[in-house]
>>> print(open('structure_4.json').read())   # JSON, C-alpha atoms
[["chain", "number", "residue", "atom", "x", "y", "z"],
["A", 787, "MET", "CA", -8.00, 0.83, -7.80],
["A", 788, "PRO", "CA", -5.67, -0.83, -10.33],
["A", 789, "ARG", "CA", -2.52, 1.13, -11.16],
["A", 790, "ILE", "CA", -0.47, 1.05, -14.33],
["A", 791, "SER", "CA", 2.71, 3.02, -14.90],
["A", 792, "ILE", "CA", 3.30, 5.43, -17.77],
["A", 793, "ALA", "CA", 6.17, 3.15, -18.83],
["A", 794, "ALA", "CA", 3.78, 0.23, -19.24],
["A", 795, "ILE", "CA", 1.29, 2.29, -21.25],
["A", 796, "THR", "CA", 3.92, 3.68, -23.59],
["A", 797, "GLY", "CA", 6.10, 0.57, -23.75],
["A", 798, "ILE", "CA", 9.18, 2.57, -22.85],
["A", 799, "ALA", "CA", 11.68, 0.71, -20.68],
["A", 800, "GLN", "CA", 12.65, 2.46, -17.45],
["A", 801, "PRO", "CA", 14.56, 1.29, -14.37],
["A", 802, "GLN", "CA", 11.42, -0.33, -12.90],
["A", 803, "THR", "CA", 10.61, -2.23, -16.12],
["A", 804, "LEU", "CA", 12.03, -5.23, -17.92],
["A", 805, "LYS", "CA", 11.33, -6.14, -21.54],
["A", 806, "LEU", "CA", 11.64, -9.84, -22.21],
["A", 807, "LYS", "CA", 11.03, -12.11, -25.16],
["A", 808, "GLY", "CA", 8.31, -14.60, -24.35],
["A", 809, "TYR", "CA", 6.02, -17.10, -26.01],
["A", 810, "ILE", "CA", 2.29, -17.72, -25.94],
["A", 811, "LYS", "CA", 1.05, -20.71, -27.92],
["A", 812, "LYS", "CA", 4.49, -20.94, -29.58],
["A", 813, "GLN", "CA", 4.12, -17.35, -30.85],
["A", 814, "SER", "CA", 6.95, -14.97, -30.00],
["A", 815, "ILE", "CA", 5.86, -11.89, -28.04],
["A", 816, "ILE", "CA", 7.46, -9.09, -26.04],
["A", 817, "VAL", "CA", 6.58, -9.14, -22.33],
["A", 818, "MET", "CA", 6.98, -6.02, -20.21],
["A", 819, "VAL", "CA", 7.44, -6.68, -16.50],
["A", 820, "ASP", "CA", 6.67, -3.48, -14.62],
["A", 821, "SER", "CA", 7.07, -3.17, -10.86],
["A", 822, "GLY", "CA", 5.03, 0.06, -10.95],
["A", 823, "SER", "CA", 1.81, -1.68, -12.03],
["A", 824, "THR", "CA", -0.59, -3.60, -9.79],
["A", 825, "HIS", "CA", -2.27, -5.74, -12.46],
["A", 826, "ASN", "CA", -1.45, -7.63, -15.65],
["A", 827, "PHE", "CA", -2.72, -6.51, -19.04],
["A", 828, "VAL", "CA", -2.73, -8.13, -22.47],
["A", 829, "ASP", "CA", -3.15, -6.06, -25.60],
["A", 830, "VAL", "CA", -6.51, -6.84, -27.21],
["A", 831, "ASN", "CA", -4.88, -7.26, -30.64],
["A", 832, "VAL", "CA", -2.41, -9.82, -29.26],
["A", 833, "ALA", "CA", -5.30, -11.72, -27.65],
["A", 834, "LYS", "CA", -7.19, -11.79, -30.96],
["A", 835, "ILE", "CA", -4.19, -12.91, -33.00],
["A", 836, "LEU", "CA", -3.41, -15.69, -30.52],
["A", 837, "ASN", "CA", -7.08, -16.63, -30.16],
["A", 838, "ILE", "CA", -6.93, -16.13, -26.40],
["A", 839, "PHE", "CA", -10.36, -16.21, -24.79],
["A", 840, "ALA", "CA", -11.39, -12.89, -23.34],
["A", 841, "TYR", "CA", -14.68, -12.02, -21.73],
["A", 842, "PRO", "CA", -16.25, -8.60, -21.25],
["A", 843, "VAL", "CA", -16.13, -6.95, -17.85],
["A", 844, "ALA", "CA", -17.79, -3.85, -16.50],
["A", 845, "ASP", "CA", -16.03, -0.55, -17.15],
["A", 846, "LEU", "CA", -12.83, -0.38, -15.17],
["A", 847, "LYS", "CA", -11.11, 2.78, -14.05],
["A", 848, "VAL", "CA", -7.35, 2.58, -13.99],
["A", 849, "MET", "CA", -5.09, 5.04, -12.22],
["A", 850, "VAL", "CA", -1.73, 5.81, -13.77],
["A", 851, "ALA", "CA", 1.13, 5.66, -11.28],
["A", 852, "ASP", "CA", 1.52, 9.45, -11.42],
["A", 853, "GLY", "CA", -2.04, 9.80, -10.05],
["A", 854, "LYS", "CA", -3.91, 10.50, -13.30]]
>>> encode(input="structure_4.json", output="structure tokens")
Amino acid sequence: MPRISIAAITGIAQPQTLKLKGYIKKQSIIVMVDSGSTHNFVDVNVAKILNIFAYPVADLKVMVADGK
């Protein structure tokens, strides 16, 4: 089961996270690198703005690192 930390969900930097300035298609973005998460996520609004192709997937359950 994929895991995502509370820090990644809230965007709050903690010791296990890094916030970096990055670029996608020459557009400046903030990238959060989180050692507590098992997968990578892109905000749907960022994907739309940058015209990044996304395709629907079946419902996915995600467990927060604290077990919720």
>>> residues_around(input="structure_4.json", residues="A:Val817", least_positions_apart="4", cutoff="8 Å", atoms="all atoms listed in the file", output="list in words")
Lys805, Leu806, Lys807 and Gly808 of chain A
>>> atom_distance(input="structure_4.json", atom1="atom CA of A:Val848", atom2="atom CA of A:Lys811")
28.4 Å
>>> atom_distance(input="structure_4.json", atom1="atom CA of A:Met818", atom2="atom CA of A:Ala844")
25.1 Å
>>> residues_around(input="structure_4.json", residues="A:Ser821", least_positions_apart="2", cutoff="8 Å", atoms="all atoms listed in the file", output="PyMOL selection string")
chain A and resi 802-803+819+823-824
>>> atom_distance(input="structure_4.json", atom1="atom CA of A:Phe839", atom2="atom CA of A:Ile815")
17.1 Å
>>> residues_near_point(input="structure_4.json", point="(-2.0, -12.0, -30.5)", cutoff="12 Å", atoms="all atoms listed in the file", output="ChimeraX atom specification")
/A:809-816,828-840
>>> build_atoms(input="structure_4.json", residues="stretch 811-847 of chain A", atoms="N, CA and C atoms", output="PDB file, in the frame of the given file")
ATOM      1  N   LYS A 811       1.465 -19.790 -26.856  1.00  0.00           N
ATOM      2  CA  LYS A 811       1.050 -20.710 -27.920  1.00  0.00           C
ATOM      3  C   LYS A 811       2.084 -20.765 -29.046  1.00  0.00           C
ATOM      4  N   LYS A 812       3.347 -20.846 -28.657  1.00  0.00           N
ATOM      5  CA  LYS A 812       4.490 -20.940 -29.580  1.00  0.00           C
ATOM      6  C   LYS A 812       4.669 -19.695 -30.457  1.00  0.00           C
ATOM      7  N   GLN A 813       3.988 -18.621 -30.131  1.00  0.00           N
ATOM      8  CA  GLN A 813       4.120 -17.350 -30.850  1.00  0.00           C
ATOM      9  C   GLN A 813       5.022 -16.419 -30.050  1.00  0.00           C
ATOM     10  N   SER A 814       6.035 -15.884 -30.675  1.00  0.00           N
ATOM     11  CA  SER A 814       6.950 -14.970 -30.000  1.00  0.00           C
ATOM     12  C   SER A 814       6.252 -13.654 -29.691  1.00  0.00           C
ATOM     13  N   ILE A 815       6.419 -13.173 -28.465  1.00  0.00           N
ATOM     14  CA  ILE A 815       5.860 -11.890 -28.040  1.00  0.00           C
ATOM     15  C   ILE A 815       6.886 -11.155 -27.186  1.00  0.00           C
ATOM     16  N   ILE A 816       6.658  -9.878 -26.969  1.00  0.00           N
ATOM     17  CA  ILE A 816       7.460  -9.090 -26.040  1.00  0.00           C
ATOM     18  C   ILE A 816       6.637  -8.934 -24.773  1.00  0.00           C
ATOM     19  N   VAL A 817       7.242  -9.247 -23.626  1.00  0.00           N
ATOM     20  CA  VAL A 817       6.580  -9.140 -22.330  1.00  0.00           C
ATOM     21  C   VAL A 817       7.233  -8.012 -21.561  1.00  0.00           C
ATOM     22  N   MET A 818       6.441  -7.087 -21.040  1.00  0.00           N
ATOM     23  CA  MET A 818       6.980  -6.020 -20.210  1.00  0.00           C
ATOM     24  C   MET A 818       6.617  -6.332 -18.754  1.00  0.00           C
ATOM     25  N   VAL A 819       7.621  -6.485 -17.930  1.00  0.00           N
ATOM     26  CA  VAL A 819       7.440  -6.680 -16.500  1.00  0.00           C
ATOM     27  C   VAL A 819       7.657  -5.325 -15.855  1.00  0.00           C
ATOM     28  N   ASP A 820       6.640  -4.837 -15.147  1.00  0.00           N
ATOM     29  CA  ASP A 820       6.670  -3.480 -14.620  1.00  0.00           C
ATOM     30  C   ASP A 820       6.333  -3.491 -13.131  1.00  0.00           C
ATOM     31  N   SER A 821       7.304  -3.167 -12.302  1.00  0.00           N
ATOM     32  CA  SER A 821       7.070  -3.170 -10.860  1.00  0.00           C
ATOM     33  C   SER A 821       6.188  -2.016 -10.408  1.00  0.00           C
ATOM     34  N   GLY A 822       5.887  -1.064 -11.304  1.00  0.00           N
ATOM     35  CA  GLY A 822       5.030   0.060 -10.950  1.00  0.00           C
ATOM     36  C   GLY A 822       3.550  -0.198 -11.176  1.00  0.00           C
ATOM     37  N   SER A 823       3.205  -1.348 -11.764  1.00  0.00           N
ATOM     38  CA  SER A 823       1.810  -1.680 -12.030  1.00  0.00           C
ATOM     39  C   SER A 823       1.309  -2.706 -11.025  1.00  0.00           C
ATOM     40  N   THR A 824      -0.001  -2.663 -10.757  1.00  0.00           N
ATOM     41  CA  THR A 824      -0.590  -3.600  -9.790  1.00  0.00           C
ATOM     42  C   THR A 824      -1.290  -4.770 -10.450  1.00  0.00           C
ATOM     43  N   HIS A 825      -1.540  -4.699 -11.756  1.00  0.00           N
ATOM     44  CA  HIS A 825      -2.270  -5.740 -12.460  1.00  0.00           C
ATOM     45  C   HIS A 825      -1.561  -6.099 -13.759  1.00  0.00           C
ATOM     46  N   ASN A 826      -1.996  -7.184 -14.370  1.00  0.00           N
ATOM     47  CA  ASN A 826      -1.450  -7.630 -15.650  1.00  0.00           C
ATOM     48  C   ASN A 826      -2.422  -7.280 -16.759  1.00  0.00           C
ATOM     49  N   PHE A 827      -1.899  -6.886 -17.903  1.00  0.00           N
ATOM     50  CA  PHE A 827      -2.720  -6.510 -19.040  1.00  0.00           C
ATOM     51  C   PHE A 827      -2.189  -7.194 -20.289  1.00  0.00           C
ATOM     52  N   VAL A 828      -3.099  -7.569 -21.180  1.00  0.00           N
ATOM     53  CA  VAL A 828      -2.730  -8.130 -22.470  1.00  0.00           C
ATOM     54  C   VAL A 828      -3.386  -7.259 -23.531  1.00  0.00           C
ATOM     55  N   ASP A 829      -2.622  -6.861 -24.518  1.00  0.00           N
ATOM     56  CA  ASP A 829      -3.150  -6.060 -25.600  1.00  0.00           C
ATOM     57  C   ASP A 829      -4.244  -6.835 -26.319  1.00  0.00           C
ATOM     58  N   VAL A 830      -5.363  -6.178 -26.582  1.00  0.00           N
ATOM     59  CA  VAL A 830      -6.510  -6.840 -27.210  1.00  0.00           C
ATOM     60  C   VAL A 830      -6.141  -7.417 -28.578  1.00  0.00           C
ATOM     61  N   ASN A 831      -5.282  -6.742 -29.325  1.00  0.00           N
ATOM     62  CA  ASN A 831      -4.880  -7.260 -30.640  1.00  0.00           C
ATOM     63  C   ASN A 831      -4.043  -8.528 -30.514  1.00  0.00           C
ATOM     64  N   VAL A 832      -3.190  -8.600 -29.507  1.00  0.00           N
ATOM     65  CA  VAL A 832      -2.410  -9.820 -29.260  1.00  0.00           C
ATOM     66  C   VAL A 832      -3.352 -10.961 -28.897  1.00  0.00           C
ATOM     67  N   ALA A 833      -4.326 -10.692 -28.044  1.00  0.00           N
ATOM     68  CA  ALA A 833      -5.300 -11.720 -27.650  1.00  0.00           C
ATOM     69  C   ALA A 833      -6.061 -12.252 -28.857  1.00  0.00           C
ATOM     70  N   LYS A 834      -6.457 -11.355 -29.761  1.00  0.00           N
ATOM     71  CA  LYS A 834      -7.190 -11.790 -30.960  1.00  0.00           C
ATOM     72  C   LYS A 834      -6.311 -12.636 -31.866  1.00  0.00           C
ATOM     73  N   ILE A 835      -5.095 -12.176 -32.115  1.00  0.00           N
ATOM     74  CA  ILE A 835      -4.190 -12.910 -33.000  1.00  0.00           C
ATOM     75  C   ILE A 835      -3.905 -14.307 -32.458  1.00  0.00           C
ATOM     76  N   LEU A 836      -3.737 -14.411 -31.145  1.00  0.00           N
ATOM     77  CA  LEU A 836      -3.410 -15.690 -30.520  1.00  0.00           C
ATOM     78  C   LEU A 836      -4.645 -16.501 -30.133  1.00  0.00           C
ATOM     79  N   ASN A 837      -5.822 -15.959 -30.467  1.00  0.00           N
ATOM     80  CA  ASN A 837      -7.080 -16.630 -30.160  1.00  0.00           C
ATOM     81  C   ASN A 837      -7.191 -16.959 -28.665  1.00  0.00           C
ATOM     82  N   ILE A 838      -6.835 -15.986 -27.846  1.00  0.00           N
ATOM     83  CA  ILE A 838      -6.930 -16.130 -26.400  1.00  0.00           C
ATOM     84  C   ILE A 838      -8.323 -15.688 -25.968  1.00  0.00           C
ATOM     85  N   PHE A 839      -9.000 -16.522 -25.230  1.00  0.00           N
ATOM     86  CA  PHE A 839     -10.360 -16.210 -24.790  1.00  0.00           C
ATOM     87  C   PHE A 839     -10.352 -14.986 -23.875  1.00  0.00           C
ATOM     88  N   ALA A 840     -11.213 -14.069 -24.179  1.00  0.00           N
ATOM     89  CA  ALA A 840     -11.390 -12.890 -23.340  1.00  0.00           C
ATOM     90  C   ALA A 840     -12.884 -12.707 -23.130  1.00  0.00           C
ATOM     91  N   TYR A 841     -13.261 -12.248 -21.978  1.00  0.00           N
ATOM     92  CA  TYR A 841     -14.680 -12.020 -21.730  1.00  0.00           C
ATOM     93  C   TYR A 841     -14.869 -10.582 -21.271  1.00  0.00           C
ATOM     94  N   PRO A 842     -16.013 -10.004 -21.613  1.00  0.00           N
ATOM     95  CA  PRO A 842     -16.250  -8.600 -21.250  1.00  0.00           C
ATOM     96  C   PRO A 842     -16.418  -8.425 -19.749  1.00  0.00           C
ATOM     97  N   VAL A 843     -15.944  -7.308 -19.261  1.00  0.00           N
ATOM     98  CA  VAL A 843     -16.130  -6.950 -17.850  1.00  0.00           C
ATOM     99  C   VAL A 843     -16.709  -5.542 -17.806  1.00  0.00           C
ATOM    100  N   ALA A 844     -17.248  -5.203 -16.672  1.00  0.00           N
ATOM    101  CA  ALA A 844     -17.790  -3.850 -16.500  1.00  0.00           C
ATOM    102  C   ALA A 844     -16.669  -2.839 -16.682  1.00  0.00           C
ATOM    103  N   ASP A 845     -17.032  -1.605 -17.003  1.00  0.00           N
ATOM    104  CA  ASP A 845     -16.030  -0.550 -17.150  1.00  0.00           C
ATOM    105  C   ASP A 845     -15.104  -0.548 -15.945  1.00  0.00           C
ATOM    106  N   LEU A 846     -13.852  -0.354 -16.212  1.00  0.00           N
ATOM    107  CA  LEU A 846     -12.830  -0.380 -15.170  1.00  0.00           C
ATOM    108  C   LEU A 846     -12.045   0.900 -15.228  1.00  0.00           C
ATOM    109  N   LYS A 847     -11.953   1.577 -14.112  1.00  0.00           N
ATOM    110  CA  LYS A 847     -11.110   2.780 -14.050  1.00  0.00           C
ATOM    111  C   LYS A 847      -9.726   2.346 -13.621  1.00  0.00           C
TER     112      LYS A 847
END
